[in-house]
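So this block is my_file-v7.txt, compact mmCIF, C-alpha atoms:
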# COMPACT_ATOMS: atom_id res chain seq x y z
CA MET A 1 0.00 0.00 0.00
CA VAL A 2 1.54 3.32 -1.14
CA THR A 3 1.22 6.14 1.39
CA ARG A 4 0.33 9.70 0.38
CA LYS A 5 3.84 10.84 1.18
CA GLU A 6 5.35 8.07 -0.96
CA LYS A 7 2.97 9.00 -3.79
CA ARG A 8 4.10 12.64 -3.61
CA GLU A 9 7.74 11.55 -3.75
CA MET A 10 7.04 9.34 -6.76
CA GLU A 11 5.24 12.16 -8.57
CA LYS A 12 8.24 14.45 -8.13
CA GLU A 13 10.13 12.22 -10.53
CA VAL A 14 7.46 12.38 -13.24
CA ASN A 15 7.88 14.82 -16.12
CA TYR A 16 4.22 15.32 -16.97
CA LEU A 17 4.90 17.40 -20.08
CA PHE A 18 7.15 14.66 -21.45
CA GLU A 19 4.52 12.02 -20.68
CA LEU A 20 1.82 14.10 -22.40
CA LEU A 21 3.99 14.68 -25.47
CA LYS A 22 4.87 10.98 -25.60
CA THR A 23 1.18 9.99 -25.43
CA GLN A 24 0.15 12.54 -28.06
CA ASN A 25 2.93 11.56 -30.46
CA HIS A 26 2.11 7.87 -30.08
CA PHE A 27 -1.68 8.04 -30.45
CA PHE A 28 -2.53 11.41 -32.01
CA LYS A 29 0.38 12.65 -34.09
CA ASN A 30 -1.86 14.87 -36.19
CA LEU A 31 -3.79 16.47 -33.30
CA ASN A 32 -2.07 19.86 -33.54
CA LYS A 33 -2.74 19.90 -37.28
CA LEU A 34 -6.42 19.08 -36.74
CA LEU A 35 -6.76 21.83 -34.13
CA LYS A 36 -5.11 24.32 -36.48
CA GLU A 37 -7.35 23.38 -39.42
CA VAL A 38 -10.60 24.07 -37.55
CA ASP A 39 -12.79 26.46 -39.53
CA ASP A 40 -12.35 29.68 -37.57
CA PRO A 41 -15.57 31.77 -37.41
CA ARG A 42 -13.83 34.90 -36.08
CA HIS A 43 -12.97 37.99 -38.12
CA GLN A 44 -9.45 37.19 -39.25
CA SER A 45 -8.10 40.72 -38.90
CA TYR A 46 -8.78 40.73 -35.13
CA ILE A 47 -7.21 37.37 -34.27
CA THR A 48 -4.41 37.20 -31.69
CA TYR A 49 -4.47 33.48 -30.84
CA ASP A 50 -4.79 30.66 -33.37
CA THR A 51 -7.40 27.94 -33.01
CA GLU A 52 -4.91 25.32 -31.81
CA VAL A 53 -3.93 27.51 -28.82
CA LEU A 54 -7.56 28.10 -27.80
CA LEU A 55 -8.59 24.46 -28.16
CA MET A 56 -5.48 22.96 -26.58
CA MET A 57 -6.05 25.12 -23.51
CA VAL A 58 -9.51 23.62 -23.10
CA ILE A 59 -8.12 20.10 -23.59
CA LEU A 60 -5.49 20.72 -20.90
CA LYS A 61 -8.10 22.29 -18.59
CA ASN A 62 -10.06 19.04 -18.66
CA ALA A 63 -6.94 16.90 -18.43
CA CYS A 64 -5.91 18.84 -15.29
CA ASN A 65 -9.41 18.45 -13.83
CA LEU A 66 -9.93 22.20 -13.53
CA LYS A 67 -13.57 22.96 -12.77
CA SER A 68 -14.07 26.29 -14.53
CA MET A 69 -12.70 28.46 -17.31
CA ARG A 70 -11.82 31.14 -14.75
CA GLU A 71 -9.76 28.61 -12.78
CA MET A 72 -8.03 27.60 -16.00
CA THR A 73 -6.99 31.19 -16.71
CA ASN A 74 -5.69 31.65 -13.17
CA GLU A 75 -3.79 28.36 -13.01
CA PHE A 76 -2.26 28.60 -16.50
CA ASN A 77 -1.12 32.23 -16.14
CA LYS A 78 2.42 31.19 -15.32
CA GLU A 79 5.62 31.41 -17.37
CA GLU A 80 6.16 27.65 -17.08
CA CYS A 81 2.65 26.89 -18.38
CA ILE A 82 3.05 29.26 -21.33
CA LYS A 83 6.40 27.69 -22.18
CA ASN A 84 5.03 24.15 -21.89
CA LEU A 85 1.99 24.87 -24.04
CA GLY A 86 4.32 26.38 -26.63
CA LYS A 87 6.35 23.16 -26.64
CA LEU A 88 3.21 21.07 -26.90
CA LEU A 89 2.06 23.02 -29.97
CA GLY A 90 5.51 23.45 -31.50
CA ASN A 91 5.15 27.22 -31.05
CA GLU A 92 8.24 28.46 -29.23
CA ASP A 93 7.21 32.10 -29.85
CA LEU A 94 4.11 31.87 -27.65
CA GLU A 95 4.36 34.66 -25.04
CA GLU A 96 0.87 34.84 -23.51
CA LEU A 97 -2.20 32.65 -23.16
CA PRO A 98 -5.73 33.83 -23.97
CA HIS A 99 -8.17 34.90 -21.27
CA TYR A 100 -11.15 32.61 -20.73
CA ASP A 101 -13.49 35.27 -22.18
CA THR A 102 -11.60 35.02 -25.47
CA ILE A 103 -11.94 31.24 -25.47
CA ASN A 104 -15.63 31.34 -24.55
CA ASP A 105 -16.33 33.83 -27.34
CA PHE A 106 -14.54 31.57 -29.83
CA LEU A 107 -16.36 28.44 -28.67
CA SER A 108 -19.76 30.18 -28.81
CA ARG A 109 -19.21 30.87 -32.52
CA LEU A 110 -17.53 27.60 -33.46
CA ASN A 111 -19.55 25.06 -35.43
CA PRO A 112 -19.82 21.96 -33.17
CA ALA A 113 -19.25 19.78 -36.24
CA GLU A 114 -15.63 20.96 -36.26
CA LEU A 115 -15.01 19.42 -32.84
CA GLU A 116 -16.99 16.28 -33.70
CA ARG A 117 -14.70 15.75 -36.67
CA ILE A 118 -11.64 15.84 -34.39
CA ARG A 119 -13.27 13.53 -31.83
CA ILE A 120 -14.12 10.95 -34.49
CA ASP A 121 -10.59 11.09 -35.88
CA MET A 122 -9.11 10.48 -32.41
CA ILE A 123 -11.37 7.52 -31.71
CA LYS A 124 -10.54 6.02 -35.10
CA LYS A 125 -6.86 6.31 -34.23
CA LEU A 126 -7.44 4.37 -31.00
CA PHE A 127 -9.37 1.70 -32.90
CA LYS A 128 -6.60 1.43 -35.47
CA LYS A 129 -4.03 0.86 -32.74
CA ARG A 130 -6.33 -1.81 -31.27
CA CYS A 131 -6.27 -0.10 -27.87
CA PHE A 132 -9.67 -1.41 -26.81
CA ASP A 133 -9.85 -4.82 -28.43
CA SER A 134 -9.85 -6.60 -25.07
CA TYR A 135 -13.11 -4.81 -24.18
CA ARG A 136 -15.10 -6.14 -27.12
CA ILE A 137 -18.27 -8.00 -26.17
CA ASN A 138 -17.77 -11.69 -26.97
CA GLY A 139 -14.57 -10.62 -28.70
CA GLU A 140 -16.58 -9.07 -31.53
CA TYR A 141 -18.95 -6.24 -30.59
CA TRP A 142 -18.50 -2.79 -29.11
CA GLY A 143 -20.66 -1.67 -26.20
CA ILE A 144 -22.42 1.64 -26.87
CA ALA A 145 -24.57 3.33 -24.23
CA ILE A 146 -27.12 5.93 -25.38
CA ASP A 147 -28.66 8.26 -22.84
CA GLY A 148 -30.12 11.73 -22.53
CA THR A 149 -28.94 14.04 -19.79
CA GLY A 150 -29.54 17.59 -18.61
CA ILE A 151 -26.51 19.87 -18.63
CA PHE A 152 -27.89 23.33 -17.78
CA THR A 153 -30.98 24.82 -16.13
CA PHE A 154 -32.05 28.46 -15.99
CA ASP A 155 -34.78 30.47 -14.27
CA LYS A 156 -35.07 32.67 -17.37
CA LYS A 157 -34.95 31.84 -21.06
CA HIS A 158 -31.33 31.44 -22.07
CA CYS A 159 -31.66 31.19 -25.86
CA GLU A 160 -34.04 30.19 -28.64
CA HIS A 161 -33.06 26.53 -28.25
CA CYS A 162 -34.08 26.20 -24.60
CA LEU A 163 -36.39 23.40 -23.55
CA ARG A 164 -38.83 24.33 -20.83
CA ARG A 165 -40.64 22.57 -18.02
CA VAL A 166 -43.70 24.13 -16.39
CA TYR A 167 -44.87 22.84 -13.05
CA LYS A 168 -47.24 23.70 -10.22
CA TYR A 169 -46.09 24.19 -6.66
CA THR A 170 -47.53 25.49 -3.39
CA ASP A 171 -45.95 28.58 -1.84
CA LYS A 172 -44.86 27.57 1.68
CA GLU A 173 -45.56 31.02 3.13
CA THR A 174 -48.92 31.87 1.56
CA GLY A 175 -50.21 28.41 0.68
CA GLU A 176 -51.02 29.80 -2.75
CA GLU A 177 -50.70 27.52 -5.77
CA LYS A 178 -48.24 28.92 -8.30
CA ILE A 179 -46.75 28.01 -11.66
CA LYS A 180 -43.02 28.11 -12.40
CA THR A 181 -41.13 27.65 -15.67
CA ILE A 182 -37.63 26.16 -15.79
CA TYR A 183 -35.54 26.45 -18.97
CA MET A 184 -33.11 23.66 -19.78
CA HIS A 185 -30.55 22.31 -22.21
CA HIS A 186 -30.47 18.55 -22.67
CA VAL A 187 -28.20 16.43 -24.84
CA LEU A 188 -28.44 12.89 -26.18
CA GLU A 189 -25.10 11.12 -25.92
CA ALA A 190 -23.72 7.92 -27.43
CA LYS A 191 -20.73 6.63 -25.47
CA LEU A 192 -18.31 3.82 -26.16
CA ILE A 193 -17.85 1.64 -23.06
CA VAL A 194 -14.31 0.34 -22.58
CA GLY A 195 -13.73 -1.15 -19.14
CA ASN A 196 -14.19 1.54 -16.50
CA MET A 197 -14.02 4.33 -19.10
CA VAL A 198 -16.65 5.83 -21.39
CA LEU A 199 -15.73 7.78 -24.52
CA SER A 200 -18.19 10.12 -26.16
CA VAL A 201 -18.66 9.16 -29.83
CA ALA A 202 -21.70 11.29 -30.78
CA SER A 203 -23.72 14.14 -29.25
CA GLU A 204 -27.06 15.59 -30.29
CA PHE A 205 -28.75 18.44 -28.46
CA ILE A 206 -32.43 17.89 -27.75
CA GLU A 207 -34.43 20.87 -28.99
CA ASN A 208 -38.05 21.74 -29.74
CA GLU A 209 -38.94 22.00 -33.40
CA SER A 210 -40.40 25.45 -32.75
CA GLU A 211 -41.17 27.84 -29.89
CA ASP A 212 -44.89 27.10 -30.27
CA VAL A 213 -44.68 23.69 -28.57
CA LYS A 214 -47.42 23.44 -25.95
CA ASN A 215 -46.47 23.10 -22.32
CA LYS A 216 -47.61 20.21 -20.18
CA ILE A 217 -47.91 21.38 -16.58
CA VAL A 218 -46.61 18.92 -14.00
CA SER A 219 -47.18 18.98 -10.26
Let me see the file written as structure tokens.
Amino acid sequence: MVTRKEKREMEKEVNYLFELLKTQNHFFKNLNKLLKEVDDPRHQSYITYDTEVLLMMVILKNACNLKSMREMTNEFNKEECIKNLGKLLGNEDLEELPHYDTINDFLSRLNPAELERIRIDMIKKLFKKRCFDSYRINGEYWGIAIDGTGIFTFDKKHCEHCLRRVYKYTDKETGEEKIKTIYMHHVLEAKLIVGNMVLSVASEFIENESEDVKNKIVS
């Protein structure tokens, strides 16, 4: 049984940048190229950071288990992080990293199909290298789980694509029966099951065909 202190000592000897580069070069040699070739929706004359910088920051945010974009900006705003990201992207001239507002603005305009294309390419690479063959069902089939899940809820309408749920409730103070509307975003996900991991292979947002859909009030 490894103690926490022993684990810390072991981690001191690990070069995480080297390990990340080694993994990327082995499995996803063309990842930087794919990130750079994303169809950029921004006005080209106002661009400071290329698409591969913006997207790689988000990838590293998730890899480092950072919970928010704000936390990402705070944690990555270090000379060492800027230097390491430059090495990861083969961009030794990188001097600053974008603020999370810049990344959010870019992602809000980006066509989701661009990211789906990269995801599919990465999964195909893993299949080609036979990484998950031992997890085939009966040595032949892949396990795919399909499920819908809610990702955001709002008290007010967020956008034209919001789903809505209307329900009755009793005000605890007045005893009066009231009606409340909750706005939501749901997504249907198909995930590849490989051991204790699940990999997203397809995503489809669940939306109403029009804003005229009738509400069903629930209690």
*Just give me the residues with any atom within 7 Å of (-9.2, 30.8, -30.3), file coordinates, counting all atoms listed in the file, written as a ChimeraX atom specification.*
/A:49-51,53-55,102-103,106
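Nearest residue to His43 of chain A among A:Lys83, A:Lys156, A:Arg109, A:Lys168 is A:Arg109, counting only C-alpha atoms.
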*Figure out the distance between atom CA of Asp105 of chain A and atom CA of Thr153 of chain A, please, to one decimal in Å.*
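Computing it gives 20.5 Å between the two atoms.
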*In Å, how far is it from atom CA of Leu85 of chain A to atom CA of Asp40 of chain A?*
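Atom CA of Asp40 of chain A lies at a distance of 20.3 Å from atom CA of Leu85 of chain A.
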Using only the atoms of segment 101-117 of chain A listed in the file, plus 4 Å on each side, state the axis-aligned box centre and edge lengths in Å rounded to one decimal, as AutoDock Vina command-line options.
--center_x -15.7 --center_y 25.5 --center_z -29.4 --size_x 16.2 --size_y 27.5 --size_z 22.5
Distance query 12 Å from (1.2, 29.2, -17.0) using all atoms listed in the file, result as a JSON list (two decimals) with C-alpha atoms, in the coordinates of the input:
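Saved file part_11.json follows:
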[["chain", "number", "residue", "atom", "x", "y", "z"],
["A", 57, "MET", "CA", -6.05, 25.12, -23.51],
["A", 60, "LEU", "CA", -5.49, 20.72, -20.90],
["A", 61, "LYS", "CA", -8.10, 22.29, -18.59],
["A", 71, "GLU", "CA", -9.76, 28.61, -12.78],
["A", 72, "MET", "CA", -8.03, 27.60, -16.00],
["A", 73, "THR", "CA", -6.99, 31.19, -16.71],
["A", 74, "ASN", "CA", -5.69, 31.65, -13.17],
["A", 75, "GLU", "CA", -3.79, 28.36, -13.01],
["A", 76, "PHE", "CA", -2.26, 28.60, -16.50],
["A", 77, "ASN", "CA", -1.12, 32.23, -16.14],
["A", 78, "LYS", "CA", 2.42, 31.19, -15.32],
["A", 79, "GLU", "CA", 5.62, 31.41, -17.37],
["A", 80, "GLU", "CA", 6.16, 27.65, -17.08],
["A", 81, "CYS", "CA", 2.65, 26.89, -18.38],
["A", 82, "ILE", "CA", 3.05, 29.26, -21.33],
["A", 83, "LYS", "CA", 6.40, 27.69, -22.18],
["A", 84, "ASN", "CA", 5.03, 24.15, -21.89],
["A", 85, "LEU", "CA", 1.99, 24.87, -24.04],
["A", 86, "GLY", "CA", 4.32, 26.38, -26.63],
["A", 94, "LEU", "CA", 4.11, 31.87, -27.65],
["A", 95, "GLU", "CA", 4.36, 34.66, -25.04],
["A", 96, "GLU", "CA", 0.87, 34.84, -23.51],
["A", 97, "LEU", "CA", -2.20, 32.65, -23.16],
["A", 98, "PRO", "CA", -5.73, 33.83, -23.97],
["A", 99, "HIS", "CA", -8.17, 34.90, -21.27]]
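Take the candidates A:Leu163, A:Leu31, A:Leu188, A:Val2 and check each one against Glu209 of chain A using all atoms listed in the file; the shortest distance goes to A:Leu163.
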*Between A:Leu126, A:Glu207, A:Thr181, A:Tyr141, single out the one closest to His26 of chain A, counting only C-alpha atoms.*
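Ranking A:Leu126, A:Glu207, A:Thr181, A:Tyr141 by distance to His26 of chain A, first place goes to A:Leu126.
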*Atomic distance atom CA of Asn32 of chain A - atom CA of Phe127 of chain A, expressed in Å with one decimal*: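 If I compute the distance from atom CA of Asn32 of chain A to atom CA of Phe127 of chain A, I get 19.6 Å.
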*Top pick for closest residue to Val201 of chain A, considering A:Arg130, A:Lys33, A:Arg165, A:Lys124 and counting all atoms listed in the file*: A:Lys124
*Identify, on the basis of all atoms listed in the file, every residue whose closest approach to segment 144-147 of chain A does not exceed 12 Å; exclude the query and any residue fewer than 6 positions from it along the same chain; express the result as a list in words.*
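Those residues are Tyr135, Arg136, Ile137, His186, Val187, Leu188, Glu189, Ala190, Lys191, Leu192, Ile193, Val194, Gly195, Met197, Val198, Leu199, Ser200, Val201, Ala202, Ser203, Glu204, Phe205 and Ile206 of chain A.
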*Pick out the residues sitting within 12 Å of Gln24 of chain A, and hand them over as a ChimeraX atom specification; count only C-alpha atoms, and ignore anything fewer than 3 positions along from it in its own chain.*
/A:17-21,27-32,56,88-89,122,125-126
Take the selection from the previous step and output its residues with C-alpha atoms, as an mmCIF file, in the coordinates of the input.
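File selection29.cif, as written:
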data_model
loop_
_atom_site.group_PDB
_atom_site.id
_atom_site.type_symbol
_atom_site.label_atom_id
_atom_site.label_comp_id
_atom_site.auth_asym_id
_atom_site.auth_seq_id
_atom_site.Cartn_x
_atom_site.Cartn_y
_atom_site.Cartn_z
ATOM 1 C CA LEU A 17 4.900 17.400 -20.080
ATOM 2 C CA PHE A 18 7.150 14.660 -21.450
ATOM 3 C CA GLU A 19 4.520 12.020 -20.680
ATOM 4 C CA LEU A 20 1.820 14.100 -22.400
ATOM 5 C CA LEU A 21 3.990 14.680 -25.470
ATOM 6 C CA PHE A 27 -1.680 8.040 -30.450
ATOM 7 C CA PHE A 28 -2.530 11.410 -32.010
ATOM 8 C CA LYS A 29 0.380 12.650 -34.090
ATOM 9 C CA ASN A 30 -1.860 14.870 -36.190
ATOM 10 C CA LEU A 31 -3.790 16.470 -33.300
ATOM 11 C CA ASN A 32 -2.070 19.860 -33.540
ATOM 12 C CA MET A 56 -5.480 22.960 -26.580
ATOM 13 C CA LEU A 88 3.210 21.070 -26.900
ATOM 14 C CA LEU A 89 2.060 23.020 -29.970
ATOM 15 C CA MET A 122 -9.110 10.480 -32.410
ATOM 16 C CA LYS A 125 -6.860 6.310 -34.230
ATOM 17 C CA LEU A 126 -7.440 4.370 -31.000
#
*Could you check which of A:Leu35, A:Met1, A:Ile47, A:Ile151 is closest to Arg117 of chain A, using only C-alpha atoms?*
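The closest residue to Arg117 of chain A is A:Leu35.
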_Just checking: using only C-alpha atoms, which residue out of A:Lys36, A:Lys5, A:Arg70, A:Lys22 ends up closest to Leu115 of chain A?_
A:Lys36
